[in-house]
$ cat final05.cif   # mmCIF, C-alpha atoms and all ligand atoms
data_target
loop_
_atom_site.label_atom_id
_atom_site.label_comp_id
_atom_site.auth_asym_id
_atom_site.auth_seq_id
_atom_site.Cartn_x
_atom_site.Cartn_y
_atom_site.Cartn_z
CA MET A 1 16.03 -38.29 46.21
CA ALA A 2 12.88 -37.43 48.16
CA ALA A 3 11.07 -34.32 46.89
CA SER A 4 10.95 -32.74 50.36
CA GLU A 5 14.77 -32.68 50.77
CA ALA A 6 15.36 -30.82 47.52
CA SER A 7 14.03 -27.41 48.46
CA GLY A 8 17.34 -25.58 47.94
CA PRO A 9 18.81 -23.87 44.90
CA THR A 10 18.66 -24.77 41.26
CA VAL A 11 22.16 -25.15 39.82
CA LEU A 12 22.59 -23.33 36.50
CA ILE A 13 25.53 -24.70 34.47
CA SER A 14 26.49 -22.61 31.46
CA THR A 15 28.51 -24.01 28.56
CA GLY A 16 28.17 -21.34 25.84
CA GLY A 17 26.14 -21.66 22.62
CA THR A 18 23.94 -19.06 20.94
CA ILE A 19 22.01 -18.43 24.17
CA ALA A 20 25.24 -16.88 25.50
CA ALA A 21 26.37 -15.36 22.20
CA ARG A 22 26.97 -11.78 21.16
CA THR A 23 27.13 -10.70 17.54
CA THR A 24 30.60 -9.50 16.51
CA ALA A 25 32.21 -8.51 13.21
CA ASP A 26 33.56 -12.08 13.13
CA GLY A 27 30.19 -13.74 13.66
CA ALA A 28 28.23 -14.71 16.76
CA VAL A 29 30.39 -16.02 19.59
CA PRO A 30 29.57 -17.09 23.17
CA ALA A 31 30.40 -14.27 25.58
CA LEU A 32 27.83 -14.16 28.40
CA ALA A 33 28.40 -15.50 31.91
CA PRO A 34 25.60 -17.42 33.67
CA GLY A 35 24.77 -14.34 35.79
CA ASP A 36 24.12 -12.35 32.58
CA LEU A 37 21.83 -15.12 31.30
CA LEU A 38 19.87 -15.05 34.54
CA SER A 39 19.45 -11.25 34.54
CA ALA A 40 18.21 -11.40 30.93
CA THR A 41 15.21 -13.49 32.07
CA GLY A 42 14.09 -10.44 34.07
CA GLY A 43 12.82 -12.72 36.83
CA GLU A 44 10.16 -14.00 34.41
CA ALA A 45 9.73 -17.32 36.24
CA PRO A 46 9.31 -18.09 39.96
CA THR A 47 12.57 -19.98 40.13
CA GLY A 48 13.77 -19.74 43.72
CA PRO A 49 17.49 -19.34 44.42
CA VAL A 50 19.94 -20.17 41.64
CA ARG A 51 23.59 -21.20 42.07
CA THR A 52 25.68 -20.67 38.92
CA VAL A 53 28.53 -22.73 37.46
CA ASP A 54 30.46 -21.13 34.59
CA LEU A 55 31.71 -24.43 33.17
CA MET A 56 32.84 -23.42 29.67
CA SER A 57 32.03 -20.96 26.92
CA VAL A 58 32.04 -22.77 23.57
CA ASP A 59 29.94 -23.11 20.46
CA SER A 60 28.50 -26.60 20.87
CA SER A 61 29.61 -27.56 17.35
CA ALA A 62 33.19 -27.26 18.63
CA MET A 63 32.66 -29.36 21.76
CA THR A 64 34.93 -32.33 22.32
CA VAL A 65 33.84 -35.61 23.87
CA ALA A 66 35.93 -34.58 26.92
CA ASP A 67 33.84 -31.37 27.14
CA GLN A 68 30.65 -33.41 26.96
CA PHE A 69 31.74 -35.69 29.80
CA ALA A 70 32.75 -32.56 31.78
CA VAL A 71 29.11 -31.41 31.49
CA VAL A 72 27.88 -34.81 32.68
CA ARG A 73 30.27 -34.69 35.66
CA ALA A 74 29.21 -31.12 36.53
CA ILE A 75 25.56 -32.29 36.66
CA ALA A 76 26.51 -35.19 38.96
CA GLU A 77 28.51 -32.83 41.21
CA ALA A 78 25.53 -30.45 41.45
CA LEU A 79 23.16 -33.29 42.36
CA ALA A 80 25.60 -34.60 44.99
CA ASP A 81 24.17 -31.81 47.19
CA PRO A 82 20.87 -33.27 48.48
CA THR A 83 19.35 -29.81 48.94
CA VAL A 84 19.67 -28.91 45.24
CA ALA A 85 16.24 -28.79 43.58
CA GLY A 86 17.47 -29.60 40.10
CA VAL A 87 19.87 -28.56 37.35
CA VAL A 88 19.56 -26.37 34.26
CA VAL A 89 22.27 -26.57 31.59
CA THR A 90 22.55 -23.85 28.93
CA HIS A 91 24.13 -25.30 25.79
CA GLY A 92 24.38 -24.66 22.06
CA THR A 93 21.61 -26.28 20.07
CA ASP A 94 23.87 -27.82 17.39
CA THR A 95 24.93 -30.76 19.56
CA MET A 96 22.44 -30.51 22.42
CA GLU A 97 20.94 -33.83 21.35
CA GLU A 98 24.29 -35.47 22.01
CA THR A 99 25.27 -33.92 25.36
CA ALA A 100 21.75 -34.02 26.81
CA PHE A 101 21.48 -37.68 25.79
CA LEU A 102 24.90 -38.46 27.29
CA ALA A 103 23.75 -36.87 30.55
CA ASP A 104 20.53 -38.91 30.36
CA LEU A 105 22.59 -42.10 30.03
CA TYR A 106 23.87 -41.55 33.59
CA CYS A 107 20.73 -39.94 35.02
CA THR A 108 19.25 -42.00 37.85
CA ASP A 109 18.22 -39.09 40.09
CA ASP A 110 14.55 -38.08 40.12
CA ARG A 111 15.34 -34.36 40.37
CA PRO A 112 14.84 -32.51 37.09
CA VAL A 113 17.82 -31.95 34.81
CA VAL A 114 16.85 -29.55 32.02
CA PHE A 115 18.89 -28.45 29.01
CA THR A 116 18.06 -25.29 27.10
CA GLY A 117 19.60 -22.99 24.49
CA ALA A 118 18.59 -20.48 21.84
CA GLN A 119 18.43 -19.99 18.11
CA LEU A 120 19.09 -16.23 18.20
CA PRO A 121 22.04 -14.55 19.94
CA ALA A 122 21.49 -12.79 23.26
CA ASP A 123 21.81 -9.34 21.64
CA HIS A 124 19.17 -10.02 18.96
CA PRO A 125 15.94 -8.00 19.47
CA ASP A 126 13.90 -11.26 19.30
CA ALA A 127 16.34 -13.31 21.37
CA ASP A 128 14.65 -16.56 22.43
CA GLY A 129 17.23 -17.41 25.11
CA PRO A 130 15.67 -15.49 28.03
CA SER A 131 12.22 -17.10 27.65
CA ASN A 132 13.79 -20.54 27.13
CA LEU A 133 15.90 -20.16 30.27
CA ALA A 134 12.92 -18.91 32.28
CA ALA A 135 10.92 -21.95 31.10
CA ALA A 136 13.78 -24.33 31.93
CA LEU A 137 14.11 -22.87 35.45
CA ALA A 138 10.36 -23.18 35.95
CA THR A 139 10.49 -26.81 34.76
CA VAL A 140 12.81 -27.66 37.68
CA HIS A 141 9.91 -26.75 40.00
CA ASP A 142 7.29 -28.66 38.01
CA PRO A 143 6.43 -31.92 39.81
CA ALA A 144 5.64 -33.49 36.41
CA ALA A 145 9.30 -33.08 35.43
CA ARG A 146 10.55 -35.39 38.19
CA GLY A 147 11.85 -38.85 37.35
CA ARG A 148 11.73 -38.31 33.58
CA GLY A 149 15.48 -38.23 32.98
CA VAL A 150 17.06 -35.29 31.18
CA LEU A 151 14.59 -32.92 29.49
CA VAL A 152 15.15 -30.31 26.79
CA VAL A 153 13.15 -27.08 26.77
CA ALA A 154 13.02 -24.84 23.66
CA GLY A 155 10.41 -22.72 21.91
CA GLY A 156 7.68 -23.55 24.42
CA ARG A 157 8.19 -27.29 24.02
CA THR A 158 9.59 -29.80 26.53
CA LEU A 159 10.96 -33.08 25.19
CA PRO A 160 12.93 -35.96 26.69
CA ALA A 161 16.62 -35.93 25.71
CA ARG A 162 16.42 -39.55 24.57
CA GLY A 163 15.25 -39.62 20.96
CA LEU A 164 15.73 -35.87 20.45
CA PHE A 165 17.19 -34.27 17.32
CA LYS A 166 17.56 -30.75 15.99
CA VAL A 167 15.01 -30.07 13.24
CA SER A 168 15.58 -26.42 12.37
CA THR A 169 18.69 -24.30 11.95
CA VAL A 170 16.78 -21.14 12.91
CA ASP A 171 13.24 -21.80 14.17
CA PRO A 172 12.81 -21.35 17.95
CA LEU A 173 11.06 -24.75 17.91
CA ALA A 174 14.50 -26.24 17.38
CA PHE A 175 13.88 -29.89 18.28
CA ASP A 176 11.69 -32.88 17.65
CA SER A 177 11.83 -36.48 18.80
CA VAL A 178 11.85 -39.85 17.06
CA ARG A 179 9.40 -40.83 19.81
CA THR A 180 8.94 -39.49 23.32
CA ASP A 181 8.40 -42.74 25.23
CA LEU A 182 11.71 -44.49 24.60
CA PRO A 183 12.94 -46.90 27.27
CA ARG A 184 15.86 -45.44 29.23
CA PRO A 185 18.53 -48.04 29.98
CA VAL A 186 21.20 -46.24 32.06
CA LEU A 187 24.92 -46.74 32.70
CA ASP A 188 26.43 -46.65 36.15
CA GLU A 189 29.84 -44.98 36.21
CA ILE A 190 30.76 -41.70 34.52
CA PRO A 191 34.23 -42.38 33.07
CA VAL A 192 37.24 -40.19 33.78
CA GLY A 193 40.16 -39.87 31.38
CA ARG A 194 40.49 -41.05 27.80
CA THR A 195 37.33 -42.04 25.97
CA ALA A 196 36.87 -44.53 23.15
CA ARG A 197 36.98 -43.23 19.58
CA VAL A 198 33.76 -43.86 17.68
CA ASP A 199 33.36 -42.65 14.09
CA MET A 200 30.05 -42.00 12.39
CA PHE A 201 29.24 -42.10 8.68
CA ALA A 202 26.14 -41.34 6.65
CA LEU A 203 25.68 -43.85 3.82
CA TYR A 204 24.54 -42.91 0.30
CA PRO A 205 24.54 -44.28 -3.25
CA GLY A 206 28.14 -44.68 -4.38
CA VAL A 207 29.62 -44.45 -0.86
CA SER A 208 33.23 -45.64 -0.75
CA PRO A 209 33.78 -48.73 1.42
CA GLY A 210 37.23 -47.23 2.06
CA LEU A 211 35.63 -44.91 4.64
CA ILE A 212 35.09 -47.84 6.95
CA ALA A 213 38.53 -49.31 6.22
CA ALA A 214 40.08 -45.91 7.09
CA ALA A 215 38.27 -45.81 10.46
CA VAL A 216 39.51 -49.34 11.24
CA ALA A 217 43.07 -48.39 10.18
CA GLN A 218 42.93 -45.39 12.52
CA ASN A 219 41.98 -47.63 15.45
CA ALA A 220 38.38 -46.57 15.92
CA ALA A 221 36.87 -48.72 18.66
CA GLY A 222 33.42 -48.34 17.15
CA ILE A 223 31.63 -47.17 14.02
CA VAL A 224 28.06 -45.89 13.72
CA LEU A 225 26.43 -46.04 10.30
CA ALA A 226 23.51 -43.78 9.42
CA ALA A 227 22.30 -46.12 6.69
CA THR A 228 19.55 -45.47 4.17
CA GLY A 229 15.91 -46.34 4.90
CA SER A 230 15.37 -48.93 7.60
CA GLY A 231 19.11 -49.66 7.88
CA ASN A 232 20.24 -50.69 4.39
CA THR A 233 23.24 -50.07 2.17
CA HIS A 234 25.40 -51.54 -0.64
CA PRO A 235 26.84 -55.08 -0.35
CA ASP A 236 30.40 -53.66 -0.53
CA ILE A 237 29.77 -51.80 2.73
CA VAL A 238 28.54 -55.02 4.32
CA ALA A 239 31.82 -56.70 3.32
CA GLU A 240 33.80 -53.87 5.01
CA VAL A 241 31.60 -54.07 8.10
CA SER A 242 32.32 -57.78 8.31
CA LEU A 243 36.09 -57.07 8.17
CA ALA A 244 35.77 -54.30 10.77
CA VAL A 245 33.92 -56.64 13.16
CA THR A 246 36.64 -59.28 12.61
CA HIS A 247 39.16 -56.63 13.68
CA GLY A 248 37.25 -56.15 16.95
CA VAL A 249 35.48 -52.93 15.96
CA THR A 250 31.88 -52.64 17.21
CA VAL A 251 29.56 -51.49 14.43
CA VAL A 252 26.11 -50.04 15.08
CA VAL A 253 23.58 -49.43 12.28
CA THR A 254 20.96 -46.75 12.43
CA SER A 255 19.20 -44.68 9.77
CA ARG A 256 19.59 -41.28 8.17
CA VAL A 257 15.75 -41.10 8.13
CA PRO A 258 14.48 -39.12 11.14
CA TYR A 259 11.37 -41.10 12.12
CA GLY A 260 10.37 -44.76 12.40
CA GLU A 261 11.94 -47.95 13.66
CA VAL A 262 15.13 -49.36 12.16
CA THR A 263 14.68 -53.08 11.66
CA ALA A 264 16.46 -55.95 9.94
CA THR A 265 13.88 -56.29 7.14
CA TYR A 266 15.75 -56.23 3.83
CA GLY A 267 18.27 -58.69 2.41
CA GLY A 268 19.86 -58.77 -1.04
CA GLY A 269 23.43 -58.48 0.20
CA GLY A 270 23.23 -54.90 1.49
CA GLY A 271 20.16 -54.92 3.70
CA ALA A 272 20.01 -54.65 7.47
CA VAL A 273 19.55 -58.44 7.54
CA ASP A 274 22.97 -58.73 5.86
CA LEU A 275 24.54 -56.07 8.08
CA SER A 276 23.29 -57.94 11.16
CA ARG A 277 24.72 -61.20 9.83
CA ALA A 278 28.03 -59.40 9.28
CA GLY A 279 28.03 -58.64 13.02
CA ALA A 280 26.58 -55.12 13.09
CA ILE A 281 24.20 -54.20 15.91
CA VAL A 282 20.93 -52.52 14.92
CA SER A 283 19.87 -49.42 16.88
CA PRO A 284 16.08 -49.49 16.52
CA TRP A 285 15.34 -45.92 17.64
CA LEU A 286 18.41 -43.96 18.67
CA ARG A 287 19.68 -42.11 15.60
CA ALA A 288 23.35 -41.82 14.72
CA PRO A 289 24.44 -38.86 16.95
CA GLN A 290 22.87 -40.43 20.07
CA ALA A 291 23.83 -44.00 19.10
CA ARG A 292 27.42 -42.74 18.81
CA MET A 293 27.36 -41.20 22.31
CA ALA A 294 25.99 -44.47 23.73
CA LEU A 295 28.69 -46.45 21.93
CA ILE A 296 31.42 -44.08 23.21
CA ALA A 297 30.12 -44.50 26.77
CA LEU A 298 29.82 -48.29 26.46
CA LEU A 299 33.19 -48.86 24.77
CA THR A 300 34.96 -46.52 27.21
CA ALA A 301 33.59 -48.82 29.94
CA ARG A 302 35.06 -51.73 27.90
CA ALA A 303 31.65 -53.24 27.17
CA GLU A 304 31.73 -56.48 25.13
CA PRO A 305 29.65 -56.60 21.90
CA GLU A 306 26.94 -58.62 23.73
CA THR A 307 26.58 -55.82 26.29
CA VAL A 308 26.39 -53.22 23.51
CA ALA A 309 23.77 -55.32 21.72
CA GLY A 310 21.88 -55.65 25.02
CA PHE A 311 21.87 -51.86 25.48
CA PHE A 312 20.45 -51.17 22.01
CA HIS A 313 17.92 -53.98 22.40
CA ALA A 314 16.81 -52.48 25.73
CA SER A 315 16.51 -49.09 23.97
CA GLY A 316 13.69 -50.47 21.82
CA PHE A 317 10.40 -52.24 22.37
CA PHE A 318 9.78 -55.94 22.70
CA HIS A 319 8.28 -57.53 19.59
CA ALA A 320 6.72 -60.98 19.95
CA SER A 321 8.42 -63.33 17.49
CA GLY A 322 6.75 -63.28 14.10
CA ALA A 323 5.33 -59.81 14.78
N1 LIG A 401 21.75 -22.20 18.13
C1 LIG A 401 22.95 -22.57 18.57
O1 LIG A 401 23.18 -22.66 19.76
C2 LIG A 401 23.96 -22.90 17.52
C3 LIG A 401 25.39 -22.75 17.94
N2 LIG A 401 26.25 -22.92 16.78
C4 LIG A 401 25.79 -23.79 18.99
O2 LIG A 401 25.42 -24.92 18.88
O3 LIG A 401 26.51 -23.47 19.89
#
$ encode --input "final05.cif" --output "structure tokens"
Amino acid sequence: MAASEASGPTVLISTGGTIAARTTADGAVPALAPGDLLSATGGEAPTGPVRTVDLMSVDSSAMTVADQFAVVRAIAEALADPTVAGVVVTHGTDTMEETAFLADLYCTDDRPVVFTGAQLPADHPDADGPSNLAAALATVHDPAARGRGVLVVAGGRTLPARGLFKVSTVDPLAFDSVRTDLPRPVLDEIPVGRTARVDMFALYPGVSPGLIAAAVAQNAAGIVLAATGSGNTHPDIVAEVSLAVTHGVTVVVTSRVPYGEVTATYGGGGGAVDLSRAGAIVSPWLRAPQARMALIALLTARAEPETVAGFFHASGFFHASGA
């Protein structure tokens, strides 16, 4: 999309979350419509015209995969209008790393797509939502935001969706990134209808291998393991992974550690070397929540294990052999 064509409105898609929440006797719940969110910014940013889409009103921790794909489709529908300058999505922060990443997986348009949210409800005296939304709307008009895929704006910080994770339950600086220059392999068709089931487990000392067997028995198409350290676990888990792969389940290994590359370094029966030999695919940078969204998208498109492996390989950096 040429910059000159996109001089029309920004589309603001609201989905709920704390940015839209009011405090009630039963806890904070999303209640505000996108128009209310806009008025709360008090015209703080020079944003140009804004067209609103009231897509849903949910706490992001309660989002379904169908909801997440609905957000991705709403972004695509907004960008189908060539005059639209860009898109802002308001979303709960709990699972923003997942939905923003899912949107980034299908993002081939140069126009900015910016997610934002808040840590404090809209009726809190220090509510951070209005300034976050104003910053997100301003980002749409920032030439430096073009062609970068989906961005996330919170607490005065702008980060790419790919590699993002939530780092604080309450601090306005809600997010950090495993690294901000990750390659962005993209997928071409946003699926409609039923999506593949992918389960995700964190591994720990004494973890029961039965967890993996249960996922296989319940017909999971894929499993993502947030293993310890650089992708390691107990040999009994490796044995279950091997069985799962034999049953046609695609297994991806990542780490429960927030920073650093996940690599097949360790052996000893339970290391990432052993998991790889058992047929698991190593995700070098994308951590479990984002690796799971990628695996859902790939398996819904009926990707073969080689294609899945190719995606995760392309999501990392080339290492010369022996390096
Ligand atoms: N700060 C937030 O937005 C948290 C909220 N539970 C949500 O994710 O919807």
$ residues_around --input "final05.cif" --residues "Gly48 in chain A" --least-positions-apart "4" --cutoff "9 Å" --atoms "all atoms listed in the file" --output "list in words"
Gly8, Pro9, Thr10, Leu137 and His141 of chain A
$ residues_around --input "final05.cif" --residues "Pro172 in chain A" --least-positions-apart "6" --cutoff "10 Å" --atoms "all atoms listed in the file" --output "list of chain:residue names"
A:Gly117, A:Ala118, A:Gln119, A:Leu120, A:Ala127, A:Asp128, A:Gly129, A:Asn132, A:Ala154, A:Gly155, A:Gly156, A:Arg157
$ atom_distance --input "final05.cif" --atom1 "CA of Val152 in chain A" --atom2 "CA of Ala291 in chain A"
17.9 Å
$ residues_around --input "final05.cif" --residues "range 195-210 of chain A" --least-positions-apart "3" --cutoff "8 Å" --atoms "only C-alpha atoms" --output "PDB file with C-alpha atoms, in the frame of the given file"
ATOM      1  CA  VAL A  65      33.840 -35.610  23.870  1.00  0.00           C
ATOM      2  CA  ALA A  66      35.930 -34.580  26.920  1.00  0.00           C
ATOM      3  CA  PRO A 191      34.230 -42.380  33.070  1.00  0.00           C
ATOM      4  CA  ALA A 213      38.530 -49.310   6.220  1.00  0.00           C
ATOM      5  CA  ALA A 214      40.080 -45.910   7.090  1.00  0.00           C
ATOM      6  CA  ALA A 215      38.270 -45.810  10.460  1.00  0.00           C
ATOM      7  CA  ASN A 219      41.980 -47.630  15.450  1.00  0.00           C
ATOM      8  CA  ALA A 220      38.380 -46.570  15.920  1.00  0.00           C
ATOM      9  CA  ALA A 221      36.870 -48.720  18.660  1.00  0.00           C
ATOM     10  CA  GLY A 222      33.420 -48.340  17.150  1.00  0.00           C
ATOM     11  CA  ILE A 223      31.630 -47.170  14.020  1.00  0.00           C
ATOM     12  CA  VAL A 224      28.060 -45.890  13.720  1.00  0.00           C
ATOM     13  CA  LEU A 225      26.430 -46.040  10.300  1.00  0.00           C
ATOM     14  CA  ALA A 226      23.510 -43.780   9.420  1.00  0.00           C
ATOM     15  CA  ALA A 227      22.300 -46.120   6.690  1.00  0.00           C
ATOM     16  CA  THR A 228      19.550 -45.470   4.170  1.00  0.00           C
ATOM     17  CA  THR A 233      23.240 -50.070   2.170  1.00  0.00           C
ATOM     18  CA  HIS A 234      25.400 -51.540  -0.640  1.00  0.00           C
ATOM     19  CA  ASP A 236      30.400 -53.660  -0.530  1.00  0.00           C
ATOM     20  CA  ILE A 237      29.770 -51.800   2.730  1.00  0.00           C
ATOM     21  CA  GLU A 240      33.800 -53.870   5.010  1.00  0.00           C
ATOM     22  CA  ARG A 256      19.590 -41.280   8.170  1.00  0.00           C
ATOM     23  CA  ALA A 288      23.350 -41.820  14.720  1.00  0.00           C
ATOM     24  CA  PRO A 289      24.440 -38.860  16.950  1.00  0.00           C
ATOM     25  CA  ARG A 292      27.420 -42.740  18.810  1.00  0.00           C
ATOM     26  CA  LEU A 295      28.690 -46.450  21.930  1.00  0.00           C
ATOM     27  CA  ILE A 296      31.420 -44.080  23.210  1.00  0.00           C
ATOM     28  CA  ALA A 297      30.120 -44.500  26.770  1.00  0.00           C
ATOM     29  CA  LEU A 299      33.190 -48.860  24.770  1.00  0.00           C
ATOM     30  CA  THR A 300      34.960 -46.520  27.210  1.00  0.00           C
TER      31      THR A 300
END
$ atom_distance --input "final05.cif" --atom1 "CA of Val249 in chain A" --atom2 "CA of Phe317 in chain A"
25.9 Å
$ closest_residue --input "final05.cif" --among "A:Leu102, A:Val84, A:Val113, A:Ala174" --to "ligand LIG 401 (chain A)" --atoms "only C-alpha atoms and all ligand atoms"
A:Ala174
$ residues_near_ligand --input "final05.cif" --ligand "ligand LIG 401 (chain A)" --cutoff "12 Å" --atoms "all atoms listed in the file" --output "short mmCIF file (atom, residue, chain, number, x, y, z; two decimals) with C-alpha atoms, in the frame of the given file"
data_model
loop_
_atom_site.label_atom_id
_atom_site.label_comp_id
_atom_site.auth_asym_id
_atom_site.auth_seq_id
_atom_site.Cartn_x
_atom_site.Cartn_y
_atom_site.Cartn_z
CA SER A 14 26.49 -22.61 31.46
CA THR A 15 28.51 -24.01 28.56
CA GLY A 16 28.17 -21.34 25.84
CA GLY A 17 26.14 -21.66 22.62
CA THR A 18 23.94 -19.06 20.94
CA ILE A 19 22.01 -18.43 24.17
CA ALA A 20 25.24 -16.88 25.50
CA ALA A 21 26.37 -15.36 22.20
CA ARG A 22 26.97 -11.78 21.16
CA GLY A 27 30.19 -13.74 13.66
CA ALA A 28 28.23 -14.71 16.76
CA VAL A 29 30.39 -16.02 19.59
CA PRO A 30 29.57 -17.09 23.17
CA ALA A 31 30.40 -14.27 25.58
CA MET A 56 32.84 -23.42 29.67
CA SER A 57 32.03 -20.96 26.92
CA VAL A 58 32.04 -22.77 23.57
CA ASP A 59 29.94 -23.11 20.46
CA SER A 60 28.50 -26.60 20.87
CA SER A 61 29.61 -27.56 17.35
CA ALA A 62 33.19 -27.26 18.63
CA MET A 63 32.66 -29.36 21.76
CA THR A 90 22.55 -23.85 28.93
CA HIS A 91 24.13 -25.30 25.79
CA GLY A 92 24.38 -24.66 22.06
CA THR A 93 21.61 -26.28 20.07
CA ASP A 94 23.87 -27.82 17.39
CA THR A 95 24.93 -30.76 19.56
CA MET A 96 22.44 -30.51 22.42
CA GLU A 97 20.94 -33.83 21.35
CA GLU A 98 24.29 -35.47 22.01
CA THR A 99 25.27 -33.92 25.36
CA PHE A 115 18.89 -28.45 29.01
CA THR A 116 18.06 -25.29 27.10
CA GLY A 117 19.60 -22.99 24.49
CA ALA A 118 18.59 -20.48 21.84
CA GLN A 119 18.43 -19.99 18.11
CA LEU A 120 19.09 -16.23 18.20
CA PRO A 121 22.04 -14.55 19.94
CA ALA A 122 21.49 -12.79 23.26
CA ALA A 127 16.34 -13.31 21.37
CA ASP A 128 14.65 -16.56 22.43
CA GLY A 129 17.23 -17.41 25.11
CA ALA A 154 13.02 -24.84 23.66
CA GLY A 155 10.41 -22.72 21.91
CA LYS A 166 17.56 -30.75 15.99
CA VAL A 167 15.01 -30.07 13.24
CA SER A 168 15.58 -26.42 12.37
CA THR A 169 18.69 -24.30 11.95
CA VAL A 170 16.78 -21.14 12.91
CA ASP A 171 13.24 -21.80 14.17
CA PRO A 172 12.81 -21.35 17.95
CA LEU A 173 11.06 -24.75 17.91
CA ALA A 174 14.50 -26.24 17.38
CA PHE A 175 13.88 -29.89 18.28
#
$ closest_atom_pairs --input "final05.cif" --of "range 163-227 of chain A" --to "range 68-78 of chain A" --cutoff "12 Å" --atoms "only C-alpha atoms" --output "tab-separated table"
residue	atom	partner	partner_atom	distance
A:Asp188	CA	A:Ala76	CA	11.8
A:Glu189	CA	A:Arg73	CA	10.3
A:Ile190	CA	A:Arg73	CA	7.1
A:Pro191	CA	A:Phe69	CA	7.9
A:Val192	CA	A:Phe69	CA	8.1
A:Gly193	CA	A:Phe69	CA	9.5
A:Arg194	CA	A:Phe69	CA	10.5
A:Thr195	CA	A:Phe69	CA	9.3
$ atom_distance --input "final05.cif" --atom1 "CA of Arg146 in chain A" --atom2 "CA of Phe312 in chain A"
24.7 Å
$ residues_around --input "final05.cif" --residues "Ile281 in chain A" --least-positions-apart "4" --cutoff "7 Å" --atoms "all atoms listed in the file" --output "NGL selection string"
:A and (251-253 or 276 or 309)
$ closest_residue --input "final05.cif" --among "A:Thr263, A:Thr41, A:Thr23, A:Gln218" --to "Leu133 in chain A" --atoms "only C-alpha atoms"
A:Thr41
$ closest_residue --input "final05.cif" --among "A:Leu211, A:Gly279, A:Tyr266, A:Ser7" --to "Leu243 in chain A" --atoms "only C-alpha atoms"
A:Gly279
$ residues_around --input "final05.cif" --residues "Ser177 in chain A" --least-positions-apart "5" --cutoff "12 Å" --atoms "only C-alpha atoms" --output "number ranges by chain"
A: 97, 101, 151-152, 157-167, 182, 258-260, 285-287, 290
$ closest_residue --input "final05.cif" --among "A:Val238, A:Leu79, A:Val178, A:Leu187" --to "Thr307 in chain A" --atoms "all atoms listed in the file"
A:Leu187
$ closest_residue --input "final05.cif" --among "A:Val241, A:Gly267, A:Arg111, A:Asp274" --to "Asp81 in chain A" --atoms "all atoms listed in the file"
A:Arg111
